[in-house]
Amino acid sequence: MAKKTPRTPYVRLTRPHVRDAGELRPASWDEALDRAAEGFRRNVEAHGPDAFGMFSCARATNEMNYVAQKFTRVVIGTNNVDSCNRTCHAPSVAGLAAAFGSGGGTSSYQEIEDTDLIVLWGSSAREAHPIFFQHVLKAIRRGTRVFAVDPRRTSTARWADRWLGLNVGTDIPLANAIAREIIHAGLHNTTFIERGTSGFAEFAASVEPWTPAAAERETGVPAAAIRELAHAYARAERAQLCWTLGITEHHNATDNVRALINLALLTGHVGRYGSGLNPLRGQNNVQGGGDMGAIPDRLAGFQDILDPAVRARFARAWGREIQPRHGLNLTDMLAAMGAGTMTTAYIIGENPTQSEADAEHTVKRLGLLDHLVVQDIFLTKTARMADVVLPAGAAWCESDGTMTNSERRVQRVRKALDPPGEARDDIEIMCALARRLGHDWHYERAEDIWDEVRSLSPIHAGMTYARLEERQGIQWPCYSEDRLEPSFLHSRLWETDPEVRGRPAPFAVLRHSPPVDRLDQEFPLRLTTGRRLDSYNTGVQSGGFASPLRRGENVELSPEDAERLGVVPGEQVRISSRRGTVTAPAFVDPALRPGLVFMTMHFPDEVDTNSLTIEATDPIAGTAEYKATAVRVEKVLGPAGGH
Ligand SMILES: Nc1nc2c(c(=O)[nH]1)N[C@H]1C(S)=C(S)[C@@H](COP(=O)(O)OP(=O)(O)OC[C@H]3O[C@@H](n4cnc5c(=O)[nH]c(N)nc54)[C@H](O)[C@@H]3O)O[C@H]1N2
Ligand SMILES: Nc1nc2c(c(=O)[nH]1)N[C@H]1C(S)=C(S)[C@@H](COP(=O)(O)OP(=O)(O)OC[C@H]3O[C@@H](n4cnc5c(=O)[nH]c(N)nc54)[C@H](O)[C@@H]3O)O[C@H]1N2
Ligand SMILES: [Mo]
């Protein structure tokens, strides 16, 4: 058996650092801030504001994200601001916005408990959304049926009444076959289709080829199971369709999301209490970061940056015109670094060297920057590449503000501890930089920032801090201080009066597009990557503790593949893709079907999973296909081989 690699715990950053003669050394705050500001100024003067890119932190507060996007738009003058929403739920936001005009999940957690059927599609909620899963468990206790759709028989699937084990990247054929079955059985909701939707006839014709038998051949899901899910979903009084990265981390992710939305439009399972469409968001405040405008195409409150009236309102409040165009998203920013048009970046609480697909390529691109500033709570691999490192406070316990969860509920967080050593709050650091760049920014309290947000974002207008505390959080939209809105979105689609109803939600006609990284004789296995309960993302925040429950990185293989390869559990194996090779101990897991391999992204310092993944991205959302890599697995012979 291979020994477990001991992990180097990350130590909290307590002092600023600057690079001298190629090495990072500790520096005073004044020196570090001067260097950081001077580098931004130099690059913007030489190449214009679009040479700058901001990576904002989805773990930090709404107030922090609001200030980060304001820094980008006002101090620098570009819309190049984004966050790790790009690597997970940007396709959910794009798909929901295309159908309904806004990108939020439609229901509340209470409705999850009160529904009759829950479909967890491409979601490992038991491990990745344990708080949400508590609501699912309560629902199960009162008799709600659960279907899990996942290539692996996950711990979530083990709680479900039915598991549909599909082949990776075949979600559109499966959804289209479910739609066809609903239509053929006459179970579609004609009232809702007529009232609230458009494009039904064309959609119905487009799913016609996806008979249950044809879908079984493509997806691997038995025709009977497809029929059962179709009938259960369509007949349920109330039904919730929830999805996560199994849907969104694909090269055609926005289409995948639209395929699920089609099912709700067909059955009327949206716009009513207890029925809805819910992407379970990833980071603690990735919903809020986007809502605050820390994305390249929207201002706070999901307001369209292309709308002149919206821009004018922000320009008046901020004293600077806003560029009338979308900025670059995270994926495009990395490409611009490669092309030499982005020469400076300010990365706050993101670790792209280890989280982006095709790691070697990402490191090369970041290496081309003239000036990189990283602001983090740990000295990450990304921070080690920086010219200036700024030590921040941890938002969840060392700062004051609000965060927004997947049910759109804005909640208060309070400061319990001071940041260690010389570390400072993220907002304070950004304001100090803004002052060095000619903007006299001072925010005394997080509440002052929040009140500025409320004055600009209608969906947050009614949420004073006092009210948030009193009600233990409020869901958006909340337009006024004396009213609350329903807990679910889009009830207008059920209105009989077309004036009130507004734009109908369009069905989407969707084509099946298999994963970009094709299987062949050289790379015959399908690697999919994801999470385990005991660890967090790139491991920076969860790397420092040992527990008998944590087994480090493993290559999880089906019993059949392990036997065929002659691999025993714990034995070191080599995994190669068209981009890289790593070595890790094998773990044999009957939850996997033959041909499927699973790895996490949690231990990149020992096993850099993202040196294998492909940078094929969704053209609408920019999200990479982390969930489908073609690999080869081989025994490692010799000392590490365990023989
Ligand atoms: N413990 C823990 N919790 C976390 C995190 C963490 O690192 N650790 N990270 C947080 C973040 S940032 C996020 S975004 C969320 C992510 O939460 P999830 O999306 O639930 O987590 P993943 O494990 O990445 O992927 C979900 C599932 O997609 C399945 N899948 C793979 N390919 C396909 C496919 O083609 N179709 C379908 N239908 N399914 C497929 C995988 O087998 C996996 O079970 O978790 C959050 N919560
Ligand atoms: N192979 C593979 N790769 C993936 C995925 C996958 O499923 N498979 N999933 C993708 C997804 S969904 C995501 S969200 C990304 C995550 O990618 P990243 O966001 O790049 O990774 P994290 O490890 O979450 O990095 C968070 C950083 O924020 C810092 N931090 C935490 N709190 C604070 C704070 O309050 N202030 C500051 N300044 N810093 C703070 C932490 O120290 C850490 O360095 O990874 C993506 N990469
Ligand atoms: Mo995520």
# chains A, B, ... in the order shown; residues from 1 in each chain; ligands from 1

call {"tool": "residues_around", "arguments": {"residues": "stretch 212-220 of chain A", "least_positions_apart": "2", "cutoff": "7 Å", "atoms": "only C-alpha atoms", "output": "mmCIF file with N, CA and C atoms, in the first residue's frame"}}
result
data_model
loop_
_atom_site.group_PDB
_atom_site.id
_atom_site.type_symbol
_atom_site.label_atom_id
_atom_site.label_comp_id
_atom_site.auth_asym_id
_atom_site.auth_seq_id
_atom_site.Cartn_x
_atom_site.Cartn_y
_atom_site.Cartn_z
ATOM 1 N N LEU A 166 -26.484 8.051 -15.834
ATOM 2 C CA LEU A 166 -26.309 8.339 -17.268
ATOM 3 C C LEU A 166 -24.833 8.432 -17.634
ATOM 4 N N ASN A 167 -24.534 8.317 -18.930
ATOM 5 C CA ASN A 167 -23.173 8.535 -19.405
ATOM 6 C C ASN A 167 -22.860 10.026 -19.325
ATOM 7 N N THR A 170 -24.479 13.348 -21.490
ATOM 8 C CA THR A 170 -25.665 12.963 -22.272
ATOM 9 C C THR A 170 -26.945 13.519 -21.645
ATOM 10 N N PRO A 173 -29.874 14.536 -24.406
ATOM 11 C CA PRO A 173 -30.710 13.411 -24.858
ATOM 12 C C PRO A 173 -31.657 12.917 -23.766
ATOM 13 N N LEU A 174 -31.178 12.858 -22.526
ATOM 14 C CA LEU A 174 -32.044 12.360 -21.449
ATOM 15 C C LEU A 174 -33.219 13.320 -21.214
ATOM 16 N N ALA A 177 -35.671 13.189 -24.084
ATOM 17 C CA ALA A 177 -36.486 11.963 -24.068
ATOM 18 C C ALA A 177 -37.578 12.051 -22.998
ATOM 19 N N TRP A 210 -36.009 11.526 -29.986
ATOM 20 C CA TRP A 210 -35.497 10.946 -28.741
ATOM 21 C C TRP A 210 -36.532 10.031 -28.085
ATOM 22 N N PRO A 222 -31.864 3.028 -18.639
ATOM 23 C CA PRO A 222 -32.911 2.170 -19.184
ATOM 24 C C PRO A 222 -34.175 2.957 -19.556
ATOM 25 N N ALA A 223 -34.795 2.596 -20.681
ATOM 26 C CA ALA A 223 -35.989 3.297 -21.161
ATOM 27 C C ALA A 223 -37.063 3.350 -20.078
ATOM 28 N N ILE A 226 -36.446 6.144 -17.709
ATOM 29 C CA ILE A 226 -36.738 7.448 -18.336
ATOM 30 C C ILE A 226 -38.246 7.703 -18.267
#

call {"tool": "closest_atom_pairs", "arguments": {"of": "chain A", "to": "ligand 3", "cutoff": "7 Å", "atoms": "only C-alpha atoms and all ligand atoms", "output": "JSON lines"}}
result
{"residue": "A:Cys84", "atom": "CA", "partner": "ligand 3", "partner_atom_place_in_ligand_line": "1 (Mo)", "distance": 6.4}
{"residue": "A:Asn85", "atom": "CA", "partner": "ligand 3", "partner_atom_place_in_ligand_line": "1 (Mo)", "distance": 6.4}
{"residue": "A:Thr87", "atom": "CA", "partner": "ligand 3", "partner_atom_place_in_ligand_line": "1 (Mo)", "distance": 6.2}
{"residue": "A:Cys88", "atom": "CA", "partner": "ligand 3", "partner_atom_place_in_ligand_line": "1 (Mo)", "distance": 4.6}
{"residue": "A:Gly282", "atom": "CA", "partner": "ligand 3", "partner_atom_place_in_ligand_line": "1 (Mo)", "distance": 4.1}
{"residue": "A:Gln283", "atom": "CA", "partner": "ligand 3", "partner_atom_place_in_ligand_line": "1 (Mo)", "distance": 5.6}

call {"tool": "atom_distance", "arguments": {"atom1": "atom CA of A:Ala461", "atom2": "atom CA of A:Ser480"}}
result
5.8 Å

call {"tool": "select_by_dssp", "arguments": {"residues": "stretch 447-623 of chain A", "states": "alpha helix (DSSP H)", "output": "ChimeraX atom specification"}}
result
/A:447-456,465-471,498-501,559-565

call {"tool": "closest_atom_pairs", "arguments": {"of": "chain A", "to": "ligand 1", "cutoff": "8 Å", "atoms": "only C-alpha atoms and all ligand atoms", "output": "JSON lines"}}
result
{"residue": "A:Cys84", "atom": "CA", "partner": "ligand 1", "partner_atom_place_in_ligand_line": "12 (S)", "distance": 7.7}
{"residue": "A:Asn85", "atom": "CA", "partner": "ligand 1", "partner_atom_place_in_ligand_line": "14 (S)", "distance": 7.9}
{"residue": "A:Thr87", "atom": "CA", "partner": "ligand 1", "partner_atom_place_in_ligand_line": "14 (S)", "distance": 7.7}
{"residue": "A:Cys88", "atom": "CA", "partner": "ligand 1", "partner_atom_place_in_ligand_line": "14 (S)", "distance": 5.0}
{"residue": "A:His89", "atom": "CA", "partner": "ligand 1", "partner_atom_place_in_ligand_line": "14 (S)", "distance": 7.0}
{"residue": "A:Trp121", "atom": "CA", "partner": "ligand 1", "partner_atom_place_in_ligand_line": "38 (N)", "distance": 5.2}
{"residue": "A:Gly122", "atom": "CA", "partner": "ligand 1", "partner_atom_place_in_ligand_line": "39 (N)", "distance": 3.3}
{"residue": "A:Ser123", "atom": "CA", "partner": "ligand 1", "partner_atom_place_in_ligand_line": "20 (O)", "distance": 3.8}
{"residue": "A:Ser124", "atom": "CA", "partner": "ligand 1", "partner_atom_place_in_ligand_line": "20 (O)", "distance": 3.6}
{"residue": "A:Ala125", "atom": "CA", "partner": "ligand 1", "partner_atom_place_in_ligand_line": "20 (O)", "distance": 5.0}
{"residue": "A:Arg126", "atom": "CA", "partner": "ligand 1", "partner_atom_place_in_ligand_line": "20 (O)", "distance": 8.0}
{"residue": "A:Glu127", "atom": "CA", "partner": "ligand 1", "partner_atom_place_in_ligand_line": "1 (N)", "distance": 5.4}
{"residue": "A:Ala128", "atom": "CA", "partner": "ligand 1", "partner_atom_place_in_ligand_line": "3 (N)", "distance": 3.4}
{"residue": "A:His129", "atom": "CA", "partner": "ligand 1", "partner_atom_place_in_ligand_line": "47 (N)", "distance": 5.4}
{"residue": "A:Pro130", "atom": "CA", "partner": "ligand 1", "partner_atom_place_in_ligand_line": "3 (N)", "distance": 7.7}
{"residue": "A:Val149", "atom": "CA", "partner": "ligand 1", "partner_atom_place_in_ligand_line": "38 (N)", "distance": 5.2}
{"residue": "A:Asp150", "atom": "CA", "partner": "ligand 1", "partner_atom_place_in_ligand_line": "39 (N)", "distance": 4.2}
{"residue": "A:Pro151", "atom": "CA", "partner": "ligand 1", "partner_atom_place_in_ligand_line": "42 (O)", "distance": 5.3}
{"residue": "A:Arg152", "atom": "CA", "partner": "ligand 1", "partner_atom_place_in_ligand_line": "42 (O)", "distance": 4.9}
{"residue": "A:Arg153", "atom": "CA", "partner": "ligand 1", "partner_atom_place_in_ligand_line": "42 (O)", "distance": 7.8}
{"residue": "A:Thr154", "atom": "CA", "partner": "ligand 1", "partner_atom_place_in_ligand_line": "44 (O)", "distance": 6.0}
{"residue": "A:Leu166", "atom": "CA", "partner": "ligand 1", "partner_atom_place_in_ligand_line": "36 (N)", "distance": 6.9}
{"residue": "A:Asn167", "atom": "CA", "partner": "ligand 1", "partner_atom_place_in_ligand_line": "35 (O)", "distance": 6.5}
{"residue": "A:Val168", "atom": "CA", "partner": "ligand 1", "partner_atom_place_in_ligand_line": "35 (O)", "distance": 3.4}
{"residue": "A:Gly169", "atom": "CA", "partner": "ligand 1", "partner_atom_place_in_ligand_line": "35 (O)", "distance": 3.7}
{"residue": "A:Thr170", "atom": "CA", "partner": "ligand 1", "partner_atom_place_in_ligand_line": "35 (O)", "distance": 6.1}
{"residue": "A:Asp171", "atom": "CA", "partner": "ligand 1", "partner_atom_place_in_ligand_line": "36 (N)", "distance": 5.7}
{"residue": "A:Trp243", "atom": "CA", "partner": "ligand 1", "partner_atom_place_in_ligand_line": "19 (O)", "distance": 7.4}
{"residue": "A:Thr244", "atom": "CA", "partner": "ligand 1", "partner_atom_place_in_ligand_line": "19 (O)", "distance": 4.1}
{"residue": "A:Leu245", "atom": "CA", "partner": "ligand 1", "partner_atom_place_in_ligand_line": "19 (O)", "distance": 3.6}
{"residue": "A:Gly246", "atom": "CA", "partner": "ligand 1", "partner_atom_place_in_ligand_line": "40 (C)", "distance": 3.3}
{"residue": "A:Ile247", "atom": "CA", "partner": "ligand 1", "partner_atom_place_in_ligand_line": "36 (N)", "distance": 5.5}
{"residue": "A:Glu249", "atom": "CA", "partner": "ligand 1", "partner_atom_place_in_ligand_line": "32 (N)", "distance": 7.9}
{"residue": "A:His250", "atom": "CA", "partner": "ligand 1", "partner_atom_place_in_ligand_line": "35 (O)", "distance": 7.5}
{"residue": "A:Leu280", "atom": "CA", "partner": "ligand 1", "partner_atom_place_in_ligand_line": "17 (O)", "distance": 7.4}
{"residue": "A:Arg281", "atom": "CA", "partner": "ligand 1", "partner_atom_place_in_ligand_line": "14 (S)", "distance": 6.0}
{"residue": "A:Gly282", "atom": "CA", "partner": "ligand 1", "partner_atom_place_in_ligand_line": "13 (C)", "distance": 3.2}
{"residue": "A:Gln283", "atom": "CA", "partner": "ligand 1", "partner_atom_place_in_ligand_line": "12 (S)", "distance": 4.5}
{"residue": "A:Asn284", "atom": "CA", "partner": "ligand 1", "partner_atom_place_in_ligand_line": "10 (C)", "distance": 7.9}
{"residue": "A:Thr528", "atom": "CA", "partner": "ligand 1", "partner_atom_place_in_ligand_line": "31 (C)", "distance": 5.5}
{"residue": "A:Thr529", "atom": "CA", "partner": "ligand 1", "partner_atom_place_in_ligand_line": "24 (O)", "distance": 6.4}
{"residue": "A:Gly530", "atom": "CA", "partner": "ligand 1", "partner_atom_place_in_ligand_line": "23 (O)", "distance": 3.4}
{"residue": "A:Arg531", "atom": "CA", "partner": "ligand 1", "partner_atom_place_in_ligand_line": "23 (O)", "distance": 3.9}
{"residue": "A:Arg532", "atom": "CA", "partner": "ligand 1", "partner_atom_place_in_ligand_line": "1 (N)", "distance": 5.2}
{"residue": "A:Leu533", "atom": "CA", "partner": "ligand 1", "partner_atom_place_in_ligand_line": "1 (N)", "distance": 3.5}
{"residue": "A:Asp534", "atom": "CA", "partner": "ligand 1", "partner_atom_place_in_ligand_line": "1 (N)", "distance": 5.5}
{"residue": "A:Ser535", "atom": "CA", "partner": "ligand 1", "partner_atom_place_in_ligand_line": "8 (N)", "distance": 5.0}
{"residue": "A:Tyr536", "atom": "CA", "partner": "ligand 1", "partner_atom_place_in_ligand_line": "7 (O)", "distance": 3.3}
{"residue": "A:Asn537", "atom": "CA", "partner": "ligand 1", "partner_atom_place_in_ligand_line": "7 (O)", "distance": 3.6}
{"residue": "A:Thr538", "atom": "CA", "partner": "ligand 1", "partner_atom_place_in_ligand_line": "7 (O)", "distance": 7.3}
{"residue": "A:Gly539", "atom": "CA", "partner": "ligand 1", "partner_atom_place_in_ligand_line": "7 (O)", "distance": 7.8}
{"residue": "A:Phe598", "atom": "CA", "partner": "ligand 1", "partner_atom_place_in_ligand_line": "42 (O)", "distance": 7.7}
{"residue": "A:Thr600", "atom": "CA", "partner": "ligand 1", "partner_atom_place_in_ligand_line": "23 (O)", "distance": 7.7}
{"residue": "A:Met601", "atom": "CA", "partner": "ligand 1", "partner_atom_place_in_ligand_line": "7 (O)", "distance": 7.8}
{"residue": "A:His602", "atom": "CA", "partner": "ligand 1", "partner_atom_place_in_ligand_line": "7 (O)", "distance": 6.9}
{"residue": "A:Lys627", "atom": "CA", "partner": "ligand 1", "partner_atom_place_in_ligand_line": "32 (N)", "distance": 4.8}
{"residue": "A:Ala628", "atom": "CA", "partner": "ligand 1", "partner_atom_place_in_ligand_line": "32 (N)", "distance": 6.6}

call {"tool": "write_last_selection", "arguments": {"atoms": "C-alpha atoms", "output": "compact mmCIF listing (two decimals), in the first residue's frame"}}
result
# COMPACT_ATOMS: atom_id res chain seq x y z
CA CYS A 84 -15.32 31.86 -9.83
CA ASN A 85 -19.02 32.02 -10.76
CA THR A 87 -16.20 28.10 -13.32
CA CYS A 88 -19.50 26.89 -11.90
CA HIS A 89 -22.93 28.50 -12.31
CA TRP A 121 -29.62 16.47 -11.48
CA GLY A 122 -25.81 16.34 -11.67
CA SER A 123 -25.67 17.31 -8.01
CA SER A 124 -23.73 15.68 -5.22
CA ALA A 125 -25.79 17.62 -2.66
CA ARG A 126 -25.22 15.22 0.23
CA GLU A 127 -21.48 16.07 0.08
CA ALA A 128 -21.36 19.52 -1.53
CA HIS A 129 -24.53 21.18 -0.19
CA PRO A 130 -25.07 19.59 3.22
CA VAL A 149 -29.43 11.84 -12.15
CA ASP A 150 -25.67 11.31 -11.98
CA PRO A 151 -23.10 9.09 -13.73
CA ARG A 152 -21.96 7.94 -10.27
CA ARG A 153 -24.13 6.32 -7.65
CA THR A 154 -23.25 9.08 -5.21
CA LEU A 166 -26.31 8.34 -17.27
CA ASN A 167 -23.17 8.53 -19.41
CA VAL A 168 -21.20 11.75 -18.87
CA GLY A 169 -22.35 14.52 -21.21
CA THR A 170 -25.67 12.96 -22.27
CA ASP A 171 -28.01 15.21 -20.29
CA TRP A 243 -28.99 20.98 -10.52
CA THR A 244 -25.33 21.73 -10.08
CA LEU A 245 -22.04 21.18 -11.83
CA GLY A 246 -22.89 17.89 -13.53
CA ILE A 247 -24.99 20.16 -15.75
CA GLU A 249 -19.26 22.20 -16.23
CA HIS A 250 -19.61 21.24 -19.87
CA LEU A 280 -27.51 25.19 -5.97
CA ARG A 281 -24.79 27.81 -5.89
CA GLY A 282 -21.24 26.81 -4.99
CA GLN A 283 -19.32 29.25 -2.83
CA ASN A 284 -20.88 30.80 0.25
CA THR A 528 -15.06 13.27 -14.31
CA THR A 529 -13.94 15.53 -11.45
CA GLY A 530 -15.71 16.94 -8.41
CA ARG A 531 -15.90 17.13 -4.66
CA ARG A 532 -15.82 15.21 -1.43
CA LEU A 533 -17.48 16.23 1.83
CA ASP A 534 -14.20 16.43 3.76
CA SER A 535 -12.36 18.96 1.58
CA TYR A 536 -12.86 22.33 -0.06
CA ASN A 537 -11.99 23.36 -3.61
CA THR A 538 -8.25 23.78 -4.22
CA GLY A 539 -7.57 22.69 -0.64
CA PHE A 598 -13.39 10.05 -10.70
CA THR A 600 -11.31 15.54 -6.92
CA MET A 601 -9.68 18.95 -7.28
CA HIS A 602 -8.85 19.14 -3.57
CA LYS A 627 -16.68 17.13 -16.02
CA ALA A 628 -15.45 15.29 -19.14

call {"tool": "residues_around", "arguments": {"residues": "A:Leu265", "least_positions_apart": "3", "cutoff": "10 Å", "atoms": "only C-alpha atoms", "output": "ChimeraX atom specification"}}
result
/A:99,188-189,192-193,196-198,200,260-262,268-271,505-507

call {"tool": "residues_around", "arguments": {"residues": "A:Arg574", "least_positions_apart": "3", "cutoff": "7 Å", "atoms": "only C-alpha atoms", "output": "JSON list (two decimals) with C-alpha atoms, in the first residue's frame"}}
result
[["chain", "number", "residue", "atom", "x", "y", "z"],
["A", 581, "THR", "CA", 0.05, 13.15, -16.52],
["A", 582, "VAL", "CA", -0.32, 12.68, -12.77],
["A", 583, "THR", "CA", 0.20, 9.79, -10.36],
["A", 584, "ALA", "CA", -2.14, 8.91, -7.50],
["A", 633, "VAL", "CA", -4.92, 4.79, -16.52],
["A", 634, "GLU", "CA", -1.82, 2.60, -16.16],
["A", 635, "LYS", "CA", -0.03, 0.71, -13.43],
["A", 636, "VAL", "CA", 3.15, 2.40, -12.19]]

call {"tool": "closest_residue", "arguments": {"among": "A:Gln303, A:Asn351, A:Thr362, A:Thr496", "to": "ligand 2", "atoms": "only C-alpha atoms and all ligand atoms"}}
result
A:Asn351

call {"tool": "closest_residue", "arguments": {"among": "A:Trp29, A:Trp450, A:Phe133, A:Phe603", "to": "ligand 2", "atoms": "only C-alpha atoms and all ligand atoms"}}
result
A:Phe603

call {"tool": "residues_around", "arguments": {"residues": "A:Trp476", "least_positions_apart": "3", "cutoff": "7 Å", "atoms": "only C-alpha atoms", "output": "PDB file with N, CA, C and O atoms, in the first residue's frame"}}
result
ATOM      1  N   ARG A 408     -31.570  33.051  -2.652  1.00  0.00           N
ATOM      2  CA  ARG A 408     -31.574  34.520  -2.814  1.00  0.00           C
ATOM      3  C   ARG A 408     -31.780  35.236  -1.491  1.00  0.00           C
ATOM      4  O   ARG A 408     -32.234  36.364  -1.450  1.00  0.00           O
ATOM      5  N   ARG A 409     -31.443  34.569  -0.370  1.00  0.00           N
ATOM      6  CA  ARG A 409     -31.659  35.194   0.933  1.00  0.00           C
ATOM      7  C   ARG A 409     -30.399  35.950   1.358  1.00  0.00           C
ATOM      8  O   ARG A 409     -29.318  35.378   1.471  1.00  0.00           O
ATOM      9  N   ILE A 459     -33.846  45.603  -6.460  1.00  0.00           N
ATOM     10  CA  ILE A 459     -34.217  44.333  -5.816  1.00  0.00           C
ATOM     11  C   ILE A 459     -33.697  44.227  -4.379  1.00  0.00           C
ATOM     12  O   ILE A 459     -34.104  43.344  -3.631  1.00  0.00           O
ATOM     13  N   HIS A 460     -32.775  45.121  -3.995  1.00  0.00           N
ATOM     14  CA  HIS A 460     -32.274  45.124  -2.621  1.00  0.00           C
ATOM     15  C   HIS A 460     -32.794  46.314  -1.811  1.00  0.00           C
ATOM     16  O   HIS A 460     -32.479  46.437  -0.615  1.00  0.00           O
TER      17      HIS A 460
END

call {"tool": "atom_distance", "arguments": {"atom1": "atom CA of A:Val388", "atom2": "atom CA of A:His17"}}
result
5.7 Å

call {"tool": "closest_residue", "arguments": {"among": "A:Ala204, A:Ala357, A:Val374, A:Leu117", "to": "A:Arg235", "atoms": "only C-alpha atoms"}}
result
A:Leu117

call {"tool": "closest_residue", "arguments": {"among": "A:Thr106, A:Gln240, A:Ser487, A:Asn65", "to": "ligand 2", "atoms": "only C-alpha atoms and all ligand atoms"}}
result
A:Asn65

call {"tool": "residues_around", "arguments": {"residues": "A:Glu31", "least_positions_apart": "5", "cutoff": "9 Å", "atoms": "only C-alpha atoms", "output": "list of chain:residue names"}}
result
A:Pro16, A:Val18, A:Ala36

call {"tool": "write_last_selection", "arguments": {"atoms": "C-alpha atoms", "output": "mmCIF file, in the first residue's frame"}}
result
data_model
loop_
_atom_site.group_PDB
_atom_site.id
_atom_site.type_symbol
_atom_site.label_atom_id
_atom_site.label_comp_id
_atom_site.auth_asym_id
_atom_site.auth_seq_id
_atom_site.Cartn_x
_atom_site.Cartn_y
_atom_site.Cartn_z
ATOM 1 C CA PRO A 16 2.358 42.192 2.959
ATOM 2 C CA VAL A 18 6.680 42.440 -2.524
ATOM 3 C CA ALA A 36 0.514 47.723 -6.132
#

call {"tool": "closest_residue", "arguments": {"among": "A:Met463, A:Phe488, A:Ser547, A:Leu468", "to": "A:Gln110", "atoms": "only C-alpha atoms"}}
result
A:Phe488

call {"tool": "closest_residue", "arguments": {"among": "A:Thr331, A:Thr344, A:Ser56, A:Thr404", "to": "ligand 2", "atoms": "only C-alpha atoms and all ligand atoms"}}
result
A:Ser56

call {"tool": "select_by_dssp", "arguments": {"residues": "stretch 496-597 of chain A", "states": "strand (DSSP E)", "output": "JSON, numbers by chain"}}
result
{"A": [505, 506, 525, 526, 527, 528, 529, 530, 555, 556, 557, 572, 573, 574, 575, 576, 581, 582, 583, 584, 585, 586, 587, 588, 596, 597]}
